[in-house]
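Notes to accompany the following structure.
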Amino acid sequence: MPRQVLEDTLTADSIAADSALAASGDATAFERLYRTHVARVHTLVRRMLDADEADDVTQDVFIRAWQKLSTFRGESAFGTWLHRLAVNVVLARRKTVGIERGRFINEAEPLDGLKSKPVTPELSMDFEEALASLPEGARQVFVLHDVEGYRHEEIARMLGVVPGTSKSQLHHARMALRRHLER
Amino acid sequence: MNDQWTTRLSEYIDGELDRTEQAALEAHLATCGQCYAALADLREVVARAKSLEDREPAKDLWAGIRAGLTPARAADRPAVRPSGRRLSFSVPQLLAASIALVLLSGGGVWLALPQRSTGQAEEQRPRPRIDPIGWTQSTDVAIAELQVALDQNEKRLDTATVRIVRKNLAVIDRAISEARMALRNDPGNAYLNLHLANTMRRKVELLRRVNDMAAAQS
């Protein structure tokens, strides 16, 4: 067996074992799961929400994961289950704080929001910064579709919009971001 | 730039236009430099999105998470019903359970093995601590499920096979019992943990094989 395949297999085995241990109440196993997955969860949260919320929401994701571990049946990989849980927590947060207000109505907003930013090569923004400057609705559709690989139908269900709105938001987000490509 | 095709460029990239629309857009691209350039840029945006890398948070968040963890509640964990349960296991369910348990046991072995240090940052992390009580509890629950399934299924096997299986299970159970007794006196002993994990894995594999055999007889 190639070394990388062997290491991947052992890692998957270790995560499967740790998820079972954590489900039985082993906080040490859960800490190992945290250390394996925190970068992915924190990055997702940071991109979907504001950076200053990322730490709190990431902690919330892991605490909820601990509480819900008894419902994790192992049909999917633990990382996939955790990722979906993180998306749900982010979207619930979005509803709670009411930042979705009007984001999916004004389709021109993402373009307008970035028009005044410089686009000269020397001043081009870091791609992550440009992404962070998008309005919430466009940013979340872009992250879910282009970064995380969800389909428009899934995104529409999650956000409570029609697929056409998700497609439109995605296009506007891409058009806004193209102005900030490093050339 | 705002012609009728501009807003369709993303759908074109994502393969969501029908053939007629796709052909019409490609014809337009041959004559519209602005749309052609925009298409190239949008493709680069998509490629950039796929290449973004994850970053660790600036500070370790574990302490806050650990403080928010409530103790595991026994009521939340699936309980094994001792008797009288009407089983509805399918063969795929039994196989899935068995495979998961093999992984679990393998994971236990993996945790018991010495971990390779990868530098100072790694050394600063808390060392994985073996918790035989925790992982064997969840393994015991699932083994009990498989054992109950076997009790239901063994009538499909001939008596000689059942006798051999019972004899082997008794040997394995005795080894598990002895390993557990030894671990009570020396819970941190890596060899004993490894031995217990291997023995429980053997039991899982035996149960799996026998259930497979019984299912094949139906």
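Note on naming: chains are A, B, ... as they come in the structure tokens, residues start from 1 per chain, ligands start from 1 in the order shown.
Counting only C-alpha atoms, every residue of chain A that comes within 6 Å of chain B is listed here: Asp13, Ser14, Ala17, Leu21, Gly25, Ala39, Arg40, Thr43, Gln59, Asp146, Val147, His171 and Arg178 of chain A.
Atom pair CA of Ser70 in chain A / CA of Asp26 in chain A: separated by 12.3 Å.
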Extract, using only C-alpha atoms, all DNA, RNA and protein residues at most 10 Å from Leu33 in chain A, discarding same-chain residues fewer than 2 positions from it, and format them as a list in words. Ser14, Ile15, Ala16, Asp18, Ser19, Ala22, Ala27, Thr28, Ala29, Phe30, Glu31, Arg35, Thr36, His37, Val38, Phe62, Phe78 and Gly79 of chain A
